[in-house]
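Visitor: Provided below: data_32.cif, containing mmCIF, C-alpha atoms and all ligand atoms.
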```cif
data_protein
loop_
_atom_site.label_atom_id
_atom_site.label_comp_id
_atom_site.auth_asym_id
_atom_site.auth_seq_id
_atom_site.Cartn_x
_atom_site.Cartn_y
_atom_site.Cartn_z
CA MET A 1290 31.28 82.64 66.57
CA THR A 1291 29.22 82.38 69.71
CA ALA A 1292 25.90 83.94 68.68
CA THR A 1293 23.18 81.40 67.99
CA ALA A 1294 20.04 81.71 65.95
CA SER A 1295 17.92 80.94 69.01
CA SER A 1296 19.38 83.71 71.20
CA THR A 1297 19.29 86.52 68.62
CA PRO A 1298 16.48 87.97 66.49
CA ALA A 1299 16.38 86.54 62.96
CA LEU A 1300 17.28 88.85 60.08
CA ASP A 1301 14.71 89.77 57.47
CA VAL A 1302 17.23 89.23 54.70
CA GLU A 1303 14.88 89.97 51.80
CA ARG A 1304 13.99 93.31 53.40
CA LEU A 1305 17.62 94.16 54.09
CA ARG A 1306 18.58 93.37 50.50
CA GLU A 1307 16.38 96.27 49.41
CA ASP A 1308 18.78 98.60 51.24
CA PHE A 1309 21.52 97.66 48.73
CA PRO A 1310 20.67 99.05 45.28
CA ILE A 1311 23.32 96.97 43.51
CA LEU A 1312 21.74 93.71 44.63
CA ALA A 1313 18.83 94.39 42.26
CA GLU A 1314 21.21 94.63 39.28
CA ARG A 1315 21.43 92.03 36.55
CA VAL A 1316 24.82 90.99 35.23
CA ARG A 1317 25.27 89.02 32.03
CA GLY A 1318 21.51 88.91 31.77
CA LYS A 1319 21.14 87.15 35.14
CA PRO A 1320 20.30 88.44 38.62
CA LEU A 1321 23.51 89.35 40.40
CA VAL A 1322 24.62 86.82 43.01
CA TYR A 1323 27.39 88.62 44.86
CA LEU A 1324 29.64 86.22 46.74
CA ASP A 1325 32.86 88.25 46.73
CA ASN A 1326 32.33 90.04 50.03
CA ALA A 1327 35.79 89.26 51.39
CA ALA A 1328 37.23 91.38 48.57
CA THR A 1329 34.81 94.21 49.15
CA SER A 1330 31.25 94.43 50.42
CA GLN A 1331 28.30 96.22 48.82
CA LYS A 1332 27.05 99.57 50.10
CA PRO A 1333 23.64 100.29 51.59
CA ARG A 1334 21.66 103.32 50.43
CA ALA A 1335 22.43 104.99 53.79
CA VAL A 1336 26.15 105.08 52.93
CA ILE A 1337 25.64 106.17 49.33
CA ASP A 1338 23.29 108.95 50.50
CA ALA A 1339 25.63 110.13 53.27
CA VAL A 1340 28.53 110.53 50.81
CA SER A 1341 26.29 112.15 48.22
CA ARG A 1342 24.75 114.54 50.80
CA TYR A 1343 28.20 115.55 51.98
CA TYR A 1344 29.37 116.42 48.47
CA GLY A 1345 26.03 117.95 47.47
CA ALA A 1346 25.36 120.11 50.52
CA GLU A 1347 28.15 120.02 53.10
CA ASN A 1348 31.51 119.82 51.33
CA ALA A 1349 34.30 121.76 53.07
CA ASN A 1350 37.75 121.06 54.44
CA ILE A 1351 37.88 120.34 58.16
CA HIS A 1352 39.78 121.81 61.14
CA ARG A 1353 41.10 124.92 59.39
CA GLY A 1354 37.93 126.88 58.67
CA VAL A 1355 35.80 129.23 60.74
CA HIS A 1356 32.95 129.18 58.25
CA TYR A 1357 29.70 127.28 58.67
CA LEU A 1358 30.38 124.40 56.30
CA SER A 1359 33.87 123.78 57.63
CA GLU A 1360 32.61 123.69 61.19
CA ARG A 1361 29.85 121.29 60.17
CA ALA A 1362 32.24 118.98 58.31
CA THR A 1363 34.60 119.04 61.29
CA VAL A 1364 31.84 118.06 63.70
CA ALA A 1365 30.68 115.24 61.39
CA TYR A 1366 34.24 113.98 60.94
CA ASP A 1367 35.01 114.00 64.66
CA ALA A 1368 31.71 112.27 65.45
CA VAL A 1369 32.72 109.33 63.28
CA ARG A 1370 35.90 108.89 65.30
CA GLU A 1371 33.73 108.51 68.37
CA ARG A 1372 31.46 106.04 66.59
CA VAL A 1373 34.44 103.96 65.48
CA ALA A 1374 35.79 103.95 69.04
CA ARG A 1375 32.46 102.53 70.23
CA PHE A 1376 32.38 100.02 67.35
CA VAL A 1377 35.67 98.43 68.46
CA ASN A 1378 35.21 99.35 72.14
CA ALA A 1379 38.35 101.48 72.33
CA ALA A 1380 38.93 103.28 75.62
CA SER A 1381 39.02 106.65 73.85
CA PRO A 1382 38.51 108.17 70.37
CA ARG A 1383 42.12 109.36 70.65
CA GLU A 1384 43.10 105.76 70.00
CA ILE A 1385 41.43 105.78 66.58
CA VAL A 1386 43.62 106.76 63.62
CA PHE A 1387 42.00 107.11 60.19
CA THR A 1388 44.01 105.43 57.44
CA ARG A 1389 43.38 104.45 53.83
CA GLY A 1390 42.69 100.86 54.84
CA THR A 1391 44.06 97.85 56.67
CA THR A 1392 47.17 97.86 54.51
CA GLU A 1393 48.02 101.44 55.42
CA GLY A 1394 47.31 100.82 59.11
CA ILE A 1395 49.80 97.94 59.20
CA ASN A 1396 52.39 99.93 57.25
CA LEU A 1397 51.94 102.79 59.71
CA VAL A 1398 52.79 100.51 62.62
CA ALA A 1399 55.71 99.01 60.70
CA GLN A 1400 57.22 102.34 59.67
CA SER A 1401 56.53 104.26 62.86
CA TRP A 1402 56.55 101.90 65.85
CA ALA A 1403 58.63 99.02 64.44
CA ARG A 1404 61.17 101.06 62.50
CA SER A 1405 61.94 103.23 65.51
CA THR A 1406 62.02 100.30 67.97
CA LEU A 1407 63.49 97.19 66.36
CA LYS A 1408 67.17 96.32 66.60
CA PRO A 1409 69.27 93.77 64.69
CA GLY A 1410 68.37 90.26 65.87
CA ASP A 1411 64.89 91.22 67.08
CA GLU A 1412 62.07 88.98 65.93
CA ILE A 1413 58.64 89.61 64.48
CA VAL A 1414 56.22 86.69 64.68
CA ILE A 1415 53.44 86.42 62.10
CA THR A 1416 51.49 83.37 60.95
CA GLY A 1417 51.43 81.27 57.80
CA MET A 1418 47.91 82.41 56.98
CA GLU A 1419 48.49 86.16 56.73
CA HIS A 1420 47.34 88.34 53.87
CA HIS A 1421 50.33 89.84 52.04
CA SER A 1422 49.57 93.13 53.76
CA ASN A 1423 50.47 91.54 57.09
CA ILE A 1424 53.66 89.97 55.70
CA VAL A 1425 55.36 92.41 53.35
CA PRO A 1426 55.39 95.48 55.67
CA TRP A 1427 57.22 93.35 58.26
CA GLN A 1428 59.70 92.09 55.68
CA LEU A 1429 60.36 95.69 54.64
CA VAL A 1430 60.95 96.89 58.21
CA ALA A 1431 63.00 93.78 58.98
CA ALA A 1432 65.33 94.67 56.11
CA GLN A 1433 65.54 98.25 57.41
CA THR A 1434 66.33 97.30 61.01
CA GLY A 1435 68.08 93.91 60.89
CA ALA A 1436 65.14 92.13 62.52
CA THR A 1437 63.85 88.77 61.29
CA VAL A 1438 60.35 87.48 60.58
CA ARG A 1439 59.16 84.09 61.82
CA ALA A 1440 55.79 82.43 61.23
CA VAL A 1441 53.41 80.15 63.13
CA PRO A 1442 52.74 77.13 60.86
CA ILE A 1443 49.25 75.97 59.84
CA THR A 1444 47.70 72.52 60.05
CA ASP A 1445 46.03 70.52 57.28
CA ALA A 1446 42.68 71.81 58.52
CA GLY A 1447 43.85 75.40 58.13
CA GLU A 1448 44.17 76.14 61.84
CA LEU A 1449 47.22 77.67 63.44
CA ASP A 1450 49.51 75.01 64.84
CA LEU A 1451 50.03 76.51 68.27
CA ASN A 1452 51.92 73.57 69.76
CA GLY A 1453 55.26 75.30 69.37
CA PHE A 1454 53.87 78.82 69.94
CA ASP A 1455 55.52 79.30 73.32
CA ARG A 1456 58.89 78.33 71.86
CA LEU A 1457 58.40 80.61 68.87
CA LEU A 1458 58.03 83.57 71.23
CA THR A 1459 61.60 84.13 72.42
CA ASP A 1460 63.22 86.87 74.44
CA ARG A 1461 64.05 88.50 71.10
CA THR A 1462 60.42 88.64 69.95
CA ARG A 1463 59.18 92.23 69.87
CA LEU A 1464 55.96 91.93 67.86
CA LEU A 1465 53.19 89.43 67.22
CA ALA A 1466 51.08 90.27 64.14
CA VAL A 1467 48.18 87.93 63.49
CA VAL A 1468 45.07 87.80 61.34
CA HIS A 1469 41.79 87.54 63.24
CA LEU A 1470 39.78 85.90 60.44
CA SER A 1471 41.62 84.49 57.43
CA ASN A 1472 40.46 85.76 54.04
CA ALA A 1473 41.83 82.68 52.28
CA LEU A 1474 40.61 79.95 54.66
CA GLY A 1475 37.86 81.48 56.77
CA THR A 1476 39.62 80.40 59.97
CA ILE A 1477 38.88 82.39 63.12
CA ASN A 1478 42.10 82.47 65.09
CA PRO A 1479 42.31 82.37 68.90
CA VAL A 1480 43.77 85.86 68.94
CA ARG A 1481 42.77 86.61 72.51
CA TRP A 1482 44.76 83.62 73.75
CA MET A 1483 47.71 84.44 71.50
CA VAL A 1484 47.71 88.10 72.53
CA SER A 1485 47.66 87.21 76.22
CA HIS A 1486 50.64 84.88 75.79
CA ALA A 1487 52.53 87.56 73.92
CA ARG A 1488 51.69 90.31 76.38
CA GLU A 1489 52.88 88.19 79.31
CA ARG A 1490 56.29 88.39 77.64
CA GLY A 1491 56.05 92.13 76.94
CA ILE A 1492 55.55 91.58 73.19
CA VAL A 1493 53.59 94.21 71.26
CA THR A 1494 50.59 92.79 69.39
CA LEU A 1495 48.78 93.70 66.20
CA VAL A 1496 45.56 92.10 64.98
CA ASP A 1497 44.61 92.28 61.30
CA GLY A 1498 40.87 92.76 61.53
CA ALA A 1499 40.16 93.31 57.82
CA GLN A 1500 37.87 90.28 57.68
CA SER A 1501 36.71 90.13 61.28
CA ALA A 1502 35.31 93.67 61.55
CA PRO A 1503 32.43 92.92 59.12
CA HIS A 1504 31.56 89.54 60.65
CA LEU A 1505 32.60 89.17 64.29
CA PRO A 1506 32.09 91.33 67.35
CA VAL A 1507 35.27 93.33 67.91
CA ASP A 1508 36.32 94.46 71.36
CA VAL A 1509 39.91 95.68 71.42
CA GLN A 1510 39.90 95.95 75.21
CA ALA A 1511 38.77 92.34 75.59
CA LEU A 1512 41.32 91.22 72.98
CA ASP A 1513 43.85 93.37 74.84
CA CYS A 1514 45.82 93.91 71.61
CA ASP A 1515 48.00 96.98 71.07
CA PHE A 1516 46.92 97.58 67.47
CA PHE A 1517 43.89 96.52 65.44
CA ALA A 1518 43.49 97.45 61.76
CA PHE A 1519 40.47 97.24 59.46
CA SER A 1520 39.11 98.63 56.18
CA GLY A 1521 35.94 100.65 55.64
CA HIS A 1522 35.12 99.10 52.27
CA LYS A 1523 34.79 95.59 53.71
CA VAL A 1524 32.40 96.77 56.38
CA PHE A 1525 29.87 98.25 53.92
CA GLY A 1526 31.56 101.67 53.82
CA PRO A 1527 33.50 103.50 51.11
CA THR A 1528 36.91 102.61 49.71
CA GLY A 1529 39.86 104.79 50.69
CA ILE A 1530 39.15 104.76 54.42
CA GLY A 1531 40.35 102.46 57.15
CA VAL A 1532 40.97 102.45 60.86
CA LEU A 1533 43.97 101.76 63.01
CA TYR A 1534 43.20 101.32 66.68
CA GLY A 1535 46.33 101.89 68.77
CA ARG A 1536 46.78 101.70 72.52
CA ALA A 1537 47.17 105.32 73.69
CA SER A 1538 50.46 104.75 75.51
CA LEU A 1539 52.05 103.34 72.35
CA LEU A 1540 50.64 105.93 69.94
CA GLU A 1541 51.87 108.72 72.21
CA ALA A 1542 55.42 107.38 72.08
CA MET A 1543 55.47 106.77 68.33
CA PRO A 1544 57.10 109.13 65.80
CA PRO A 1545 55.14 110.34 62.77
CA TRP A 1546 55.57 108.37 59.57
CA GLN A 1547 54.34 111.00 57.13
CA GLY A 1548 54.81 114.77 57.42
CA GLY A 1549 52.47 117.53 56.31
CA GLY A 1550 49.57 119.68 57.39
CA ASP A 1551 47.56 118.91 60.52
CA MET A 1552 50.10 116.54 62.12
CA ILE A 1553 52.22 119.28 63.68
CA GLU A 1554 52.16 121.44 66.77
CA THR A 1555 54.74 124.01 65.58
CA VAL A 1556 56.83 124.39 62.44
CA THR A 1557 59.87 126.59 61.84
CA LEU A 1558 62.14 126.37 58.85
CA GLU A 1559 64.59 124.36 60.96
CA HIS A 1560 62.44 122.20 63.16
CA SER A 1561 58.92 120.91 63.81
CA THR A 1562 57.11 119.41 66.75
CA TRP A 1563 54.29 116.93 66.54
CA ALA A 1564 50.62 117.06 67.35
CA GLN A 1565 49.25 114.51 69.79
CA PRO A 1566 47.78 111.28 68.34
CA PRO A 1567 45.68 110.65 66.37
CA ALA A 1568 46.41 113.88 64.42
CA ARG A 1569 50.14 113.03 64.46
CA PHE A 1570 49.39 110.13 62.09
CA GLU A 1571 46.89 111.89 59.81
CA ALA A 1572 49.02 114.22 57.67
CA GLY A 1573 47.22 116.27 55.04
CA THR A 1574 43.55 116.64 54.16
CA PRO A 1575 41.92 113.40 55.23
CA PRO A 1576 39.33 111.46 53.22
CA ILE A 1577 36.44 113.41 54.72
CA ALA A 1578 33.64 112.05 52.54
CA GLN A 1579 34.87 108.52 53.13
CA VAL A 1580 34.99 109.03 56.89
CA ILE A 1581 31.40 110.26 56.80
CA GLY A 1582 30.45 107.26 54.67
CA LEU A 1583 32.18 104.95 57.16
CA GLY A 1584 30.17 106.48 59.98
CA ALA A 1585 26.94 105.77 58.08
CA ALA A 1586 28.11 102.19 57.42
CA LEU A 1587 28.83 101.45 61.08
CA GLU A 1588 25.54 103.02 62.12
CA TYR A 1589 23.79 100.78 59.59
CA VAL A 1590 25.58 97.63 60.78
CA GLU A 1591 24.71 98.39 64.38
CA ALA A 1592 21.07 99.00 63.49
CA VAL A 1593 20.91 95.61 61.72
CA GLY A 1594 22.57 94.07 64.77
CA ARG A 1595 25.97 92.43 64.89
CA ALA A 1596 24.75 89.38 66.79
CA ALA A 1597 21.95 88.78 64.27
CA ILE A 1598 24.41 89.24 61.40
CA GLY A 1599 26.77 86.71 62.96
CA ALA A 1600 24.01 84.16 63.55
CA TRP A 1601 22.68 84.34 59.98
CA GLU A 1602 26.16 84.20 58.43
CA GLU A 1603 26.99 81.18 60.54
CA GLU A 1604 23.88 79.41 59.27
CA LEU A 1605 24.61 80.38 55.69
CA LEU A 1606 28.23 79.20 55.85
CA ALA A 1607 27.14 75.87 57.35
CA TYR A 1608 24.61 75.44 54.52
CA ALA A 1609 27.16 76.36 51.83
CA THR A 1610 29.81 74.09 53.35
CA GLU A 1611 27.38 71.18 53.32
CA ARG A 1612 26.10 71.79 49.78
CA VAL A 1613 29.51 72.46 48.22
CA GLY A 1614 31.19 69.75 50.30
CA GLU A 1615 28.88 67.04 48.97
CA LEU A 1616 29.75 67.80 45.33
CA ALA A 1617 31.90 65.12 43.71
CA GLY A 1618 35.45 66.24 42.98
CA VAL A 1619 35.30 69.33 45.21
CA ARG A 1620 37.87 69.83 47.96
CA ILE A 1621 37.28 72.53 50.54
CA ILE A 1622 40.50 74.31 51.51
CA GLY A 1623 40.19 75.38 55.14
CA THR A 1624 38.15 73.14 57.41
CA ALA A 1625 38.91 74.76 60.75
CA ARG A 1626 36.48 74.20 63.63
CA GLU A 1627 35.98 77.95 64.03
CA LYS A 1628 35.21 79.58 60.70
CA ALA A 1629 33.25 82.52 59.34
CA SER A 1630 32.00 83.79 56.00
CA VAL A 1631 34.63 82.28 53.65
CA LEU A 1632 34.43 79.07 51.60
CA SER A 1633 37.59 78.31 49.59
CA PHE A 1634 37.61 75.28 47.35
CA VAL A 1635 39.19 73.58 44.36
CA VAL A 1636 37.40 71.47 41.78
CA GLU A 1637 39.25 68.42 40.56
CA GLY A 1638 40.31 68.80 36.92
CA VAL A 1639 39.06 72.39 36.62
CA HIS A 1640 41.26 75.46 37.07
CA PRO A 1641 39.76 77.89 39.62
CA HIS A 1642 39.70 80.62 36.95
CA ASP A 1643 37.49 78.42 34.78
CA VAL A 1644 35.19 77.80 37.76
CA GLY A 1645 35.02 81.58 38.22
CA ALA A 1646 34.33 82.20 34.52
CA VAL A 1647 31.48 79.66 34.38
CA LEU A 1648 29.95 81.14 37.52
CA ASP A 1649 30.33 84.65 36.14
CA ALA A 1650 28.35 83.67 33.05
CA GLU A 1651 25.57 82.72 35.47
CA GLY A 1652 25.73 86.09 37.24
CA VAL A 1653 27.55 84.62 40.26
CA ALA A 1654 30.53 86.70 41.41
CA ILE A 1655 33.22 84.78 43.30
CA ARG A 1656 36.96 85.35 43.48
CA THR A 1657 39.63 83.04 42.14
CA GLY A 1658 43.37 83.25 42.62
CA HIS A 1659 45.76 83.31 45.56
CA HIS A 1660 43.72 85.89 47.48
CA CYS A 1661 46.92 87.81 48.38
CA ALA A 1662 47.87 84.84 50.55
CA GLN A 1663 50.46 83.00 48.46
CA PRO A 1664 52.00 81.22 51.50
CA VAL A 1665 48.57 79.65 52.17
CA MET A 1666 48.44 78.37 48.58
CA HIS A 1667 51.95 76.90 48.97
CA ARG A 1668 50.95 75.25 52.23
CA PHE A 1669 48.01 73.49 50.58
CA GLY A 1670 49.88 72.71 47.36
CA VAL A 1671 47.47 74.59 45.10
CA PRO A 1672 48.22 77.54 42.79
CA ALA A 1673 44.86 79.13 43.50
CA THR A 1674 41.41 78.46 44.92
CA ALA A 1675 37.90 79.52 44.11
CA ARG A 1676 36.44 81.50 47.00
CA ALA A 1677 32.85 82.29 47.82
CA SER A 1678 32.55 84.78 50.65
CA PHE A 1679 29.30 85.78 52.28
CA ALA A 1680 27.66 88.80 53.83
CA PHE A 1681 24.43 89.01 55.79
CA TYR A 1682 22.46 89.95 52.65
CA ASN A 1683 23.24 86.62 50.98
CA THR A 1684 20.60 83.90 50.83
CA ARG A 1685 20.31 80.13 50.63
CA ALA A 1686 19.00 80.54 47.07
CA GLU A 1687 22.28 82.26 46.20
CA VAL A 1688 24.22 79.35 47.66
CA ASP A 1689 22.11 77.08 45.45
CA ALA A 1690 23.09 79.18 42.41
CA LEU A 1691 26.74 78.74 43.42
CA VAL A 1692 26.31 74.98 43.63
CA ARG A 1693 24.60 74.82 40.22
CA GLY A 1694 27.47 76.81 38.71
CA ILE A 1695 30.14 74.55 40.19
CA ARG A 1696 28.29 71.49 38.82
CA ARG A 1697 28.15 73.13 35.44
CA ALA A 1698 31.88 73.96 35.50
CA ARG A 1699 32.67 70.37 36.35
CA SER A 1700 30.51 68.96 33.59
CA MET A 1701 32.07 71.35 31.07
CA PHE A 1702 35.73 70.97 32.01
CA ALA A 1703 36.40 67.86 34.08
C1 LIG B 1801 42.89 89.49 56.03
C2 LIG B 1801 43.15 90.73 55.24
N1 LIG B 1801 44.08 91.59 55.65
C3 LIG B 1801 44.33 92.72 54.98
C4 LIG B 1801 43.67 93.04 53.82
C5 LIG B 1801 43.99 94.31 53.12
O1 LIG B 1801 42.91 95.17 53.12
P1 LIG B 1801 42.93 96.50 52.26
O2 LIG B 1801 43.29 96.07 50.85
O3 LIG B 1801 41.53 97.02 52.35
O4 LIG B 1801 43.95 97.40 52.83
C6 LIG B 1801 42.70 92.16 53.33
C7 LIG B 1801 42.01 92.44 52.07
O5 LIG B 1801 41.48 91.56 51.43
C8 LIG B 1801 42.43 90.98 54.07
O6 LIG B 1801 41.51 90.11 53.67
#
```
Output the file's structure in the form of structure tokens.

Guide:
Amino acid sequence: MTATASSTPALDVERLREDFPILAERVRGKPLVYLDNAATSQKPRAVIDAVSRYYGAENANIHRGVHYLSERATVAYDAVRERVARFVNAASPREIVFTRGTTEGINLVAQSWARSTLKPGDEIVITGMEHHSNIVPWQLVAAQTGATVRAVPITDAGELDLNGFDRLLTDRTRLLAVVHLSNALGTINPVRWMVSHARERGIVTLVDGAQSAPHLPVDVQALDCDFFAFSGHKVFGPTGIGVLYGRASLLEAMPPWQGGGDMIETVTLEHSTWAQPPARFEAGTPPIAQVIGLGAALEYVEAVGRAAIGAWEEELLAYATERVGELAGVRIIGTAREKASVLSFVVEGVHPHDVGAVLDAEGVAIRTGHHCAQPVMHRFGVPATARASFAFYNTRAEVDALVRGIRRARSMFA
């Protein structure tokens, strides 16, 4: 993260918290301390209201209607595509495909681009710190095509070991798929550098932006990647909506992966032809309310300011790392030099689930388990970790509550 507190306006966190109704809730008789933002983030009133307004006053199906409401819904839906394009700095809204989430975006690339392109012996390069959703789709398409999957190893600090990267990219490598910001370790990967090395060799590149979109500035043209996938629900929007950015020249050459309404140009009983992207990849009635909610979420994030968000989260993570790191018997998993928003740890003598349960009794929500990154757990020799993950509405006082809970878990179990 490059933003610094001195160069960006400070956030009024207490004021911003008022935008999120759920943050005023009490759980188990205690004020909610929500530190599970990597799993899903909370929603500001602006998003809740936009979805509610749509259902209460504007609900209609898009694209097929001539009536007032349908036209209005269509305009609102199309406007969000333009907003998303600006959010990731795509060259055109035509490069923005709406999906159900990051997972579906990656599966779309696997089943459309990869399945129609890969040949036996071709190689897909991923990394050892991928979420399962950036591993399993490649294993599936590898089995379908005869390709193989190889992985960049990770160091003890939880960084990618890029020493052998140039050797890993061979003349059989067709795809590099890499996570921007690891949900299990918090590592920010040097994706721009990796993408440029891959592209020099004509390798197609995909960046999993599920965790980076809410925390880091995203510029797909600067990254120069071919695909970039993220989820609405992690960036303060609704569930059930995600985004796949795809370079226009690739999307145009890709076959559909699902058939149905809206993705066609012509249909006869014998044969169909395809609409241009992005419609080609959006079969059926899309999640209209969720798209509208996503638009409200991105508008909200931009109004708060992405640089200010980054600066505050950096400060908060540094504080949490220091406070948790000084606790006896606590080992932080993932100590990369470049990190954001995620603090994974294990407590000596206490199972992560017990840490989570003690914290939960105090109203502190963290996540425990393998975080859909089992290869990372294997790499660090742990079955699971406890993970606190932050958003811009979190405070130092909430980090203090986390620390008190970990102490309590240790005194009860260790
Ligand atoms: C790094 C990363 N990639 C992909 C995903 C999958 O996102 P979704 O479940 O929203 O499709 C997640 C979700 O936690 C993630 O953290």

Visitor: Within 7 Å of ligand LIG 1801 (chain B), which residues show up when you count only C-alpha atoms and all ligand atoms? List them as a list in words, please.

Guide: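 Selection of residues at most 7 Å from ligand LIG 1801 (chain B): Ala1327, Ala1328, Gly1390, Thr1391, Thr1392, Glu1393, Glu1419, His1420, Ser1422, Asn1423, Val1468, Leu1470, Ser1471, Asn1472, Asp1497, Gly1498, Ala1499, Gln1500, Ser1520 and His1522 of chain A.
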
Visitor: Interatomic distance between CA of Ala1436 in chain A and CA of Ser1405 in chain A?

Guide: 11.9 Å

Visitor: Under the rule that all atoms listed in the file are counted, which of A:Val1480, A:Ala1609, A:Val1386, A:Leu1512 is the nearest residue to Ala1572 in chain A?

Guide: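 Checking each candidate against Ala1572 in chain A, we get A:Val1386 as the closest.
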
Visitor: Which residues are near His1659 in chain A? Cut-off 10 Å, all atoms listed in the file, ignore same chain within fewer than 5 positions. Put them as a count of residues only.

Guide: 12

Visitor: Using only C-alpha atoms, find the one residue out of A:Glu1615, A:Glu1541, A:Glu1412, A:Glu1651 that sits nearest to Gly1435 in chain A.

Guide: A:Glu1412

Visitor: Give me, please, the distance in Å between CA of Val1398 in chain A and CA of Phe1517 in chain A, quoted to one decimal.

Guide: 10.2 Å

Visitor: If we count only C-alpha atoms, what is near range 1312-1322 of chain A at a cut-off of 12 Å, once residues fewer than 4 positions away on the same chain are taken out, given as a VMD selection string?

Guide: chain A and resid 1302 to 1308 1326 1330 to 1334 1646 to 1655 1677 to 1680 1682 to 1692 1694

Visitor: Convert the current residue selection to file output with C-alpha atoms, as an mmCIF file, in the coordinates of the input.

Guide:
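What ended up in part.cif:
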```
data_model
loop_
_atom_site.group_PDB
_atom_site.id
_atom_site.type_symbol
_atom_site.label_atom_id
_atom_site.label_comp_id
_atom_site.auth_asym_id
_atom_site.auth_seq_id
_atom_site.Cartn_x
_atom_site.Cartn_y
_atom_site.Cartn_z
ATOM 1 C CA VAL A 1302 17.230 89.230 54.700
ATOM 2 C CA GLU A 1303 14.880 89.970 51.800
ATOM 3 C CA ARG A 1304 13.990 93.310 53.400
ATOM 4 C CA LEU A 1305 17.620 94.160 54.090
ATOM 5 C CA ARG A 1306 18.580 93.370 50.500
ATOM 6 C CA GLU A 1307 16.380 96.270 49.410
ATOM 7 C CA ASP A 1308 18.780 98.600 51.240
ATOM 8 C CA ASN A 1326 32.330 90.040 50.030
ATOM 9 C CA SER A 1330 31.250 94.430 50.420
ATOM 10 C CA GLN A 1331 28.300 96.220 48.820
ATOM 11 C CA LYS A 1332 27.050 99.570 50.100
ATOM 12 C CA PRO A 1333 23.640 100.290 51.590
ATOM 13 C CA ARG A 1334 21.660 103.320 50.430
ATOM 14 C CA ALA A 1646 34.330 82.200 34.520
ATOM 15 C CA VAL A 1647 31.480 79.660 34.380
ATOM 16 C CA LEU A 1648 29.950 81.140 37.520
ATOM 17 C CA ASP A 1649 30.330 84.650 36.140
ATOM 18 C CA ALA A 1650 28.350 83.670 33.050
ATOM 19 C CA GLU A 1651 25.570 82.720 35.470
ATOM 20 C CA GLY A 1652 25.730 86.090 37.240
ATOM 21 C CA VAL A 1653 27.550 84.620 40.260
ATOM 22 C CA ALA A 1654 30.530 86.700 41.410
ATOM 23 C CA ILE A 1655 33.220 84.780 43.300
ATOM 24 C CA ALA A 1677 32.850 82.290 47.820
ATOM 25 C CA SER A 1678 32.550 84.780 50.650
ATOM 26 C CA PHE A 1679 29.300 85.780 52.280
ATOM 27 C CA ALA A 1680 27.660 88.800 53.830
ATOM 28 C CA TYR A 1682 22.460 89.950 52.650
ATOM 29 C CA ASN A 1683 23.240 86.620 50.980
ATOM 30 C CA THR A 1684 20.600 83.900 50.830
ATOM 31 C CA ARG A 1685 20.310 80.130 50.630
ATOM 32 C CA ALA A 1686 19.000 80.540 47.070
ATOM 33 C CA GLU A 1687 22.280 82.260 46.200
ATOM 34 C CA VAL A 1688 24.220 79.350 47.660
ATOM 35 C CA ASP A 1689 22.110 77.080 45.450
ATOM 36 C CA ALA A 1690 23.090 79.180 42.410
ATOM 37 C CA LEU A 1691 26.740 78.740 43.420
ATOM 38 C CA VAL A 1692 26.310 74.980 43.630
ATOM 39 C CA GLY A 1694 27.470 76.810 38.710
#
```

Visitor: Rank A:Gly1526, A:Gly1417, A:Gly1475, A:Gly1535 by their smallest atom-to-atom distance to Pro1567 in chain A, using only C-alpha atoms, and report the top residue only.

Guide: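 So, comparing all the options, the nearest one is A:Gly1535.
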